[in-house]
Amino acid sequence: MIKDPIEKYNKIYIYSPHYDDTFLSLGGYLGLSNEFGKEITSIIVFGKSNNVYKTKLPKDKIEYASSIRCEEEKKNIDLISGNLIVWENYEANIRGHKTNKNSLKRYPYEIKLEYDKSVISKVVNQVRQNLVNNKEVLHLFPLSIGNHVDHLIVRQCLSKVENGFNIGFYEDLPYAIENSYIEKISDNMNSVLLPVNLEKKRLFIQNYQSQLAEKWIDDITNYMLSISKQLDIYFERIWLMR
């Protein structure tokens, strides 16, 4: 029988900057969530998107793209009998950030107050209220590996929130594949290896057809293997506050 290393937490809230981050980063463990008796809630922080590949977008592209991505997320959430909460915040490209075409980091990776000040304040308030209303829950935030601006905002909003909650961090995939996470880990956190259902994780990733996510499957799988340093044993990893 597979042991759940975080069995004391029956409810888990996962703060996902975008519609796919929850399952790209933690889908293997979530594939075991029913077996472990977990109640999982995925919170999409930036629920307004204009980012859909392989599709010609109409004039109302934000509503159209957001709808497509939300349906993909619901499909995965339903597979684990979980809950989905969508916050109506605009993602980086809609707020005014431009893709850095000449950079290795092609996504927006710097917080700019002219684009982000108001949304940061809103996200801080949303997170604070959620923490206060759900003190018994384990709240998992992105480490912001790779420094995508939306991931940075979700992580850094915690610096403006009071202590006293059950808080942990997950490794952002696929960004963690190409970026060192060491500088993101502070001395007051412990790593926890999470068992996974690899077959279900691959299915979850394949369900993100609008994001060309299939190309990430092998890379993410290899990363999960590298964490374990054991032959044919795969893990995901979170970091919990001491």
# chains A, B, ... in the order shown; residues from 1 in each chain; ligands from 1

$ residues_around --residues "segment 19-28 of chain A" --least-positions-apart "5" --cutoff "9 Å" --atoms "only C-alpha atoms" --output "VMD selection string"
chain A and resid 14 42 to 47 49 66 69 to 70 72 to 73 76 86 142 170 to 174 194 to 202 204 to 205 208 211 213 216 220 234 to 238

$ write_last_selection --atoms "C-alpha atoms" --output "PDB file, in the first residue's frame"
ATOM      1  CA  ILE A  14      -3.418  24.477  -4.663  1.00  0.00           C
ATOM      2  CA  SER A  42      -7.450  24.047  -7.415  1.00  0.00           C
ATOM      3  CA  ILE A  43      -7.563  27.850  -7.331  1.00  0.00           C
ATOM      4  CA  ILE A  44      -6.822  29.517 -10.657  1.00  0.00           C
ATOM      5  CA  VAL A  45      -5.410  32.903  -9.695  1.00  0.00           C
ATOM      6  CA  PHE A  46      -5.281  34.438 -13.184  1.00  0.00           C
ATOM      7  CA  GLY A  47      -8.465  33.067 -14.692  1.00  0.00           C
ATOM      8  CA  SER A  49      -6.512  34.242 -20.435  1.00  0.00           C
ATOM      9  CA  SER A  66     -10.576  31.495 -20.917  1.00  0.00           C
ATOM     10  CA  ARG A  69      -8.792  26.563 -20.785  1.00  0.00           C
ATOM     11  CA  CYS A  70     -11.370  26.380 -18.018  1.00  0.00           C
ATOM     12  CA  GLU A  72      -9.691  21.603 -19.888  1.00  0.00           C
ATOM     13  CA  GLU A  73      -9.126  22.245 -16.191  1.00  0.00           C
ATOM     14  CA  ASN A  76      -8.960  17.070 -14.975  1.00  0.00           C
ATOM     15  CA  VAL A  86     -11.462  30.621 -10.655  1.00  0.00           C
ATOM     16  CA  PRO A 142       4.262  27.855  -6.543  1.00  0.00           C
ATOM     17  CA  TYR A 170       5.364  23.090  -5.092  1.00  0.00           C
ATOM     18  CA  GLU A 171       7.991  23.010  -7.821  1.00  0.00           C
ATOM     19  CA  ASP A 172       6.681  24.707 -10.949  1.00  0.00           C
ATOM     20  CA  LEU A 173       6.745  22.339 -13.902  1.00  0.00           C
ATOM     21  CA  PRO A 174       7.872  22.458 -16.649  1.00  0.00           C
ATOM     22  CA  LEU A 194       5.122  12.758  -2.994  1.00  0.00           C
ATOM     23  CA  PRO A 195       4.240   9.390  -4.556  1.00  0.00           C
ATOM     24  CA  VAL A 196       2.596   9.585  -7.958  1.00  0.00           C
ATOM     25  CA  ASN A 197       0.343   7.787 -10.391  1.00  0.00           C
ATOM     26  CA  LEU A 198       2.426   8.319 -13.516  1.00  0.00           C
ATOM     27  CA  GLU A 199      -0.192   7.063 -15.952  1.00  0.00           C
ATOM     28  CA  LYS A 200      -2.779   9.524 -14.656  1.00  0.00           C
ATOM     29  CA  LYS A 201      -0.319  12.409 -14.721  1.00  0.00           C
ATOM     30  CA  ARG A 202       0.406  11.758 -18.370  1.00  0.00           C
ATOM     31  CA  PHE A 204      -3.802  15.037 -17.197  1.00  0.00           C
ATOM     32  CA  ILE A 205      -1.068  16.673 -19.285  1.00  0.00           C
ATOM     33  CA  TYR A 208      -4.255  20.437 -22.105  1.00  0.00           C
ATOM     34  CA  GLN A 211      -1.303  24.494 -24.581  1.00  0.00           C
ATOM     35  CA  ALA A 213       1.474  20.345 -23.330  1.00  0.00           C
ATOM     36  CA  TRP A 216       6.336  18.363 -21.999  1.00  0.00           C
ATOM     37  CA  ILE A 220       8.412  16.217 -16.880  1.00  0.00           C
ATOM     38  CA  TYR A 234       8.950   8.667  -9.745  1.00  0.00           C
ATOM     39  CA  PHE A 235       8.110  11.474  -7.333  1.00  0.00           C
ATOM     40  CA  GLU A 236       6.865  15.014  -7.192  1.00  0.00           C
ATOM     41  CA  ARG A 237       8.200  17.319  -4.507  1.00  0.00           C
ATOM     42  CA  ILE A 238       6.787  19.979  -2.232  1.00  0.00           C
TER      43      ILE A 238
END

$ residues_around --residues "Glu91 of chain A" --least-positions-apart "5" --cutoff "10 Å" --atoms "only C-alpha atoms" --output "PyMOL selection string"
chain A and resi 17-18+45-51+96-97+116+119+149-150

$ select_by_dssp --residues "segment 25-184 of chain A" --states "helix (DSSP H, G or I)" --output "ChimeraX atom specification"
/A:25-30,33-36,61-79,92-95,113-133,149-160,175-178,182-184

$ write_last_selection --atoms "C-alpha atoms" --output "PDB file, in the first residue's frame"
ATOM      1  CA  SER A  25       3.254  20.312 -11.213  1.00  0.00           C
ATOM      2  CA  LEU A  26       1.291  17.955  -8.932  1.00  0.00           C
ATOM      3  CA  GLY A  27      -0.842  15.802 -11.229  1.00  0.00           C
ATOM      4  CA  GLY A  28       0.949  12.598 -10.258  1.00  0.00           C
ATOM      5  CA  TYR A  29       0.094  12.983  -6.584  1.00  0.00           C
ATOM      6  CA  LEU A  30      -3.399  14.171  -7.454  1.00  0.00           C
ATOM      7  CA  SER A  33      -5.853  11.776  -4.152  1.00  0.00           C
ATOM      8  CA  ASN A  34      -9.016   9.666  -4.216  1.00  0.00           C
ATOM      9  CA  GLU A  35      -7.087   6.681  -2.881  1.00  0.00           C
ATOM     10  CA  PHE A  36      -5.729   8.878  -0.081  1.00  0.00           C
ATOM     11  CA  LYS A  61     -10.598  36.222 -27.522  1.00  0.00           C
ATOM     12  CA  ILE A  62     -10.257  36.630 -23.756  1.00  0.00           C
ATOM     13  CA  GLU A  63     -13.639  35.085 -23.014  1.00  0.00           C
ATOM     14  CA  TYR A  64     -13.138  32.441 -25.697  1.00  0.00           C
ATOM     15  CA  ALA A  65      -9.634  31.429 -24.602  1.00  0.00           C
ATOM     16  CA  SER A  66     -10.576  31.495 -20.917  1.00  0.00           C
ATOM     17  CA  SER A  67     -13.543  29.237 -21.622  1.00  0.00           C
ATOM     18  CA  ILE A  68     -11.434  26.678 -23.495  1.00  0.00           C
ATOM     19  CA  ARG A  69      -8.792  26.563 -20.785  1.00  0.00           C
ATOM     20  CA  CYS A  70     -11.370  26.380 -18.018  1.00  0.00           C
ATOM     21  CA  GLU A  71     -13.040  23.391 -19.680  1.00  0.00           C
ATOM     22  CA  GLU A  72      -9.691  21.603 -19.888  1.00  0.00           C
ATOM     23  CA  GLU A  73      -9.126  22.245 -16.191  1.00  0.00           C
ATOM     24  CA  LYS A  74     -12.612  21.051 -15.290  1.00  0.00           C
ATOM     25  CA  LYS A  75     -11.962  17.828 -17.167  1.00  0.00           C
ATOM     26  CA  ASN A  76      -8.960  17.070 -14.975  1.00  0.00           C
ATOM     27  CA  ILE A  77     -10.653  18.259 -11.788  1.00  0.00           C
ATOM     28  CA  ASP A  78     -13.579  15.935 -12.467  1.00  0.00           C
ATOM     29  CA  LEU A  79     -11.176  13.002 -12.837  1.00  0.00           C
ATOM     30  CA  ALA A  92       0.327  38.890 -17.624  1.00  0.00           C
ATOM     31  CA  ASN A  93      -0.064  39.312 -21.381  1.00  0.00           C
ATOM     32  CA  ILE A  94      -3.480  40.915 -21.004  1.00  0.00           C
ATOM     33  CA  ARG A  95      -2.199  43.299 -18.315  1.00  0.00           C
ATOM     34  CA  LEU A 113       4.274  48.141 -11.154  1.00  0.00           C
ATOM     35  CA  GLU A 114       2.560  49.879 -14.068  1.00  0.00           C
ATOM     36  CA  TYR A 115       1.107  46.506 -15.066  1.00  0.00           C
ATOM     37  CA  ASP A 116       0.957  44.673 -11.772  1.00  0.00           C
ATOM     38  CA  LYS A 117       0.327  47.027  -8.837  1.00  0.00           C
ATOM     39  CA  SER A 118      -3.455  46.738  -8.786  1.00  0.00           C
ATOM     40  CA  VAL A 119      -3.544  43.000  -9.418  1.00  0.00           C
ATOM     41  CA  ILE A 120      -0.973  42.349  -6.668  1.00  0.00           C
ATOM     42  CA  SER A 121      -3.175  44.153  -4.152  1.00  0.00           C
ATOM     43  CA  LYS A 122      -6.194  42.164  -5.290  1.00  0.00           C
ATOM     44  CA  VAL A 123      -4.405  38.798  -5.149  1.00  0.00           C
ATOM     45  CA  VAL A 124      -3.026  39.559  -1.674  1.00  0.00           C
ATOM     46  CA  ASN A 125      -6.544  40.210  -0.408  1.00  0.00           C
ATOM     47  CA  GLN A 126      -7.926  37.102  -2.090  1.00  0.00           C
ATOM     48  CA  VAL A 127      -5.187  34.898  -0.650  1.00  0.00           C
ATOM     49  CA  ARG A 128      -5.458  36.419   2.829  1.00  0.00           C
ATOM     50  CA  GLN A 129      -9.213  35.863   2.939  1.00  0.00           C
ATOM     51  CA  ASN A 130      -8.829  32.298   1.721  1.00  0.00           C
ATOM     52  CA  LEU A 131      -6.204  31.509   4.356  1.00  0.00           C
ATOM     53  CA  VAL A 132      -8.238  33.011   7.191  1.00  0.00           C
ATOM     54  CA  ASN A 133     -11.371  31.121   6.165  1.00  0.00           C
ATOM     55  CA  VAL A 149       5.721  37.125 -13.423  1.00  0.00           C
ATOM     56  CA  ASP A 150       2.341  35.581 -12.566  1.00  0.00           C
ATOM     57  CA  HIS A 151       4.051  32.847 -10.536  1.00  0.00           C
ATOM     58  CA  LEU A 152       6.170  35.476  -8.795  1.00  0.00           C
ATOM     59  CA  ILE A 153       3.098  37.448  -7.795  1.00  0.00           C
ATOM     60  CA  VAL A 154       1.370  34.397  -6.320  1.00  0.00           C
ATOM     61  CA  ARG A 155       4.449  33.467  -4.277  1.00  0.00           C
ATOM     62  CA  GLN A 156       5.398  36.962  -3.170  1.00  0.00           C
ATOM     63  CA  CYS A 157       1.907  37.882  -2.028  1.00  0.00           C
ATOM     64  CA  LEU A 158       2.611  35.667   0.985  1.00  0.00           C
ATOM     65  CA  SER A 159       5.137  38.216   2.241  1.00  0.00           C
ATOM     66  CA  LYS A 160       2.186  40.534   2.841  1.00  0.00           C
ATOM     67  CA  TYR A 175       9.994  25.446 -15.510  1.00  0.00           C
ATOM     68  CA  ALA A 176      11.819  23.378 -12.886  1.00  0.00           C
ATOM     69  CA  ILE A 177      13.270  21.181 -15.641  1.00  0.00           C
ATOM     70  CA  GLU A 178      15.484  23.966 -16.974  1.00  0.00           C
ATOM     71  CA  ILE A 182      18.100  25.882  -5.065  1.00  0.00           C
ATOM     72  CA  GLU A 183      17.979  29.660  -4.693  1.00  0.00           C
ATOM     73  CA  LYS A 184      14.228  29.465  -4.122  1.00  0.00           C
TER      74      LYS A 184
END

$ atom_distance --atom1 "atom CA of Lys105 of chain A" --atom2 "atom CA of Asn190 of chain A"
28.2 Å

$ select_by_dssp --residues "segment 116-193 of chain A" --states "strand (DSSP E)" --output "PyMOL selection string"
chain A and resi 138-142+167-170+189-193

$ write_last_selection --atoms "C-alpha atoms" --output "mmCIF file, in the first residue's frame"
data_model
loop_
_atom_site.group_PDB
_atom_site.id
_atom_site.type_symbol
_atom_site.label_atom_id
_atom_site.label_comp_id
_atom_site.auth_asym_id
_atom_site.auth_seq_id
_atom_site.Cartn_x
_atom_site.Cartn_y
_atom_site.Cartn_z
ATOM 1 C CA LEU A 138 -2.774 22.797 3.590
ATOM 2 C CA HIS A 139 -2.232 25.691 1.177
ATOM 3 C CA LEU A 140 0.298 25.014 -1.601
ATOM 4 C CA PHE A 141 1.823 27.873 -3.598
ATOM 5 C CA PRO A 142 4.262 27.855 -6.543
ATOM 6 C CA ILE A 167 1.694 26.757 3.941
ATOM 7 C CA GLY A 168 3.878 24.844 1.511
ATOM 8 C CA PHE A 169 5.291 25.233 -1.985
ATOM 9 C CA TYR A 170 5.364 23.090 -5.092
ATOM 10 C CA MET A 189 11.486 24.594 4.780
ATOM 11 C CA ASN A 190 11.671 20.816 4.517
ATOM 12 C CA SER A 191 11.247 18.859 1.305
ATOM 13 C CA VAL A 192 8.597 16.138 1.014
ATOM 14 C CA LEU A 193 8.624 13.560 -1.776
#

$ closest_residue --among "A:Thr99, A:Asn166, A:Gln206, A:Ser16" --to "Asp218 of chain A" --atoms "only C-alpha atoms"
A:Gln206

$ atom_distance --atom1 "atom CA of Leu203 of chain A" --atom2 "atom CA of Leu240 of chain A"
27.2 Å
